[in-house]
Amino acid sequence: MAFQPWQGGQPAQNPYQLPAMRASHADRERAVDVLKAGFAEGRLGQAEYEQRIARAYQAQTHTELQALVADLPQGPVPQAQFAPRPAMPATFLPVQLPPPPTTNGSATGALVCGLIAPFTWGLTAIPAVVLGHKARAEIRRTGERGDGQAVAGLVLGWLGIGGWALFLLVMVLVGVTRA
């Protein structure tokens, strides 16, 4: 069905044609937006713009709205689900999304060292703290993931160091009281 641009009057009605789909308020607003853009670009004069706006708000069908905007660059208002889908161009390339940020290796190392510290008699507590601080600095600089792992490694490492310090303090106090 070919649409003729608006000529200032009512669109011709064919008595043998089925009734056109009724327009919604949103359809009228879309047509008004196209008319506003045409007026702003200087494609419509003031009088014609005002006539078309009035007709758009009075339009009952999509056919009437399409006739009002058919000669403007944004073209006819599409008919919702009945509009044909454009064919996919032969040169279609899928959008390449950036890869997700990687997890910082030092953060993972800090967490592992902190978790195994109780099983290594606390020998990995100091590496957990060092790796945790290093990982947090790298994460701030590069935007990598793993800040939670780094913090967990730091906490476990400091708990391990604190446990060793408490153990040594108790041993010293026990040795002093025996002497």
# chains A, B, ... in the order shown; residues from 1 in each chain; ligands from 1
$ residues_around --residues "Thr103 (chain A)" --least-positions-apart "3" --cutoff "9 Å" --atoms "only C-alpha atoms" --output "list in words"
Ser106, Ala107, Thr108, Ile139, Glu144, Arg145, Gly146 and Asp147 of chain A
$ residues_around --residues "Thr61 (chain A)" --least-positions-apart "2" --cutoff "7 Å" --atoms "only C-alpha atoms" --output "PyMOL selection string"
chain A and resi 20-23+59+63-65
$ write_last_selection --atoms "N, CA and C atoms" --output "tab-separated table (two decimals), in the first residue's frame"
chain	number	residue	atom	x	y	z
A	20	ALA	N	-8.61	0.73	8.34
A	20	ALA	CA	-7.21	0.78	8.79
A	20	ALA	C	-7.16	0.58	10.30
A	21	MET	N	-5.98	0.19	10.78
A	21	MET	CA	-5.80	-0.02	12.22
A	21	MET	C	-5.90	1.32	12.93
A	22	ARG	N	-6.60	1.32	14.06
A	22	ARG	CA	-6.81	2.54	14.82
A	22	ARG	C	-5.50	2.97	15.48
A	23	ALA	N	-5.31	4.28	15.58
A	23	ALA	CA	-4.09	4.86	16.16
A	23	ALA	C	-4.27	5.05	17.67
A	59	ALA	N	-6.39	12.49	14.31
A	59	ALA	CA	-6.30	11.27	13.50
A	59	ALA	C	-6.84	10.07	14.27
A	63	THR	N	-3.25	5.16	8.98
A	63	THR	CA	-3.18	5.69	7.62
A	63	THR	C	-3.18	7.21	7.64
A	64	GLU	N	-4.03	7.80	8.47
A	64	GLU	CA	-4.08	9.26	8.57
A	64	GLU	C	-2.75	9.82	9.09
A	65	LEU	N	-2.18	9.17	10.09
A	65	LEU	CA	-0.90	9.64	10.64
A	65	LEU	C	0.22	9.50	9.63
$ residues_around --residues "region 47-56 of chain A" --least-positions-apart "3" --cutoff "7 Å" --atoms "only C-alpha atoms" --output "list of chain:residue names"
A:Arg28, A:Ala31, A:Val32, A:Leu35, A:Phe39, A:Leu44, A:Ala59, A:Leu65, A:Leu68
$ write_last_selection --atoms "N, CA, C and O atoms" --output "mmCIF file, in the first residue's frame"
data_model
loop_
_atom_site.group_PDB
_atom_site.id
_atom_site.type_symbol
_atom_site.label_atom_id
_atom_site.label_comp_id
_atom_site.auth_asym_id
_atom_site.auth_seq_id
_atom_site.Cartn_x
_atom_site.Cartn_y
_atom_site.Cartn_z
ATOM 1 N N ARG A 28 0.006 8.877 17.942
ATOM 2 C CA ARG A 28 -0.172 10.299 17.623
ATOM 3 C C ARG A 28 1.025 11.107 18.106
ATOM 4 O O ARG A 28 1.503 12.005 17.416
ATOM 5 N N ALA A 31 3.950 10.740 15.773
ATOM 6 C CA ALA A 31 3.759 11.534 14.554
ATOM 7 C C ALA A 31 4.015 13.013 14.845
ATOM 8 O O ALA A 31 4.653 13.710 14.039
ATOM 9 N N VAL A 32 3.553 13.494 15.996
ATOM 10 C CA VAL A 32 3.785 14.893 16.373
ATOM 11 C C VAL A 32 5.281 15.149 16.535
ATOM 12 O O VAL A 32 5.785 16.204 16.137
ATOM 13 N N LEU A 35 6.706 15.649 13.175
ATOM 14 C CA LEU A 35 6.319 16.970 12.667
ATOM 15 C C LEU A 35 7.138 18.071 13.331
ATOM 16 O O LEU A 35 7.572 19.022 12.667
ATOM 17 N N PHE A 39 9.532 20.735 11.438
ATOM 18 C CA PHE A 39 9.402 22.186 11.605
ATOM 19 C C PHE A 39 10.719 22.789 12.081
ATOM 20 O O PHE A 39 11.161 23.823 11.576
ATOM 21 N N LEU A 44 8.934 22.511 7.239
ATOM 22 C CA LEU A 44 7.519 22.900 7.272
ATOM 23 C C LEU A 44 7.416 24.358 7.674
ATOM 24 O O LEU A 44 8.146 24.811 8.566
ATOM 25 N N ALA A 59 -6.392 12.488 14.308
ATOM 26 C CA ALA A 59 -6.296 11.271 13.503
ATOM 27 C C ALA A 59 -6.844 10.074 14.268
ATOM 28 O O ALA A 59 -6.617 9.913 15.465
ATOM 29 N N LEU A 65 -2.177 9.170 10.094
ATOM 30 C CA LEU A 65 -0.902 9.638 10.644
ATOM 31 C C LEU A 65 0.216 9.500 9.629
ATOM 32 O O LEU A 65 1.068 10.392 9.493
ATOM 33 N N LEU A 68 0.356 12.235 7.145
ATOM 34 C CA LEU A 68 0.837 13.515 7.670
ATOM 35 C C LEU A 68 2.359 13.620 7.692
ATOM 36 O O LEU A 68 2.902 14.716 7.624
#
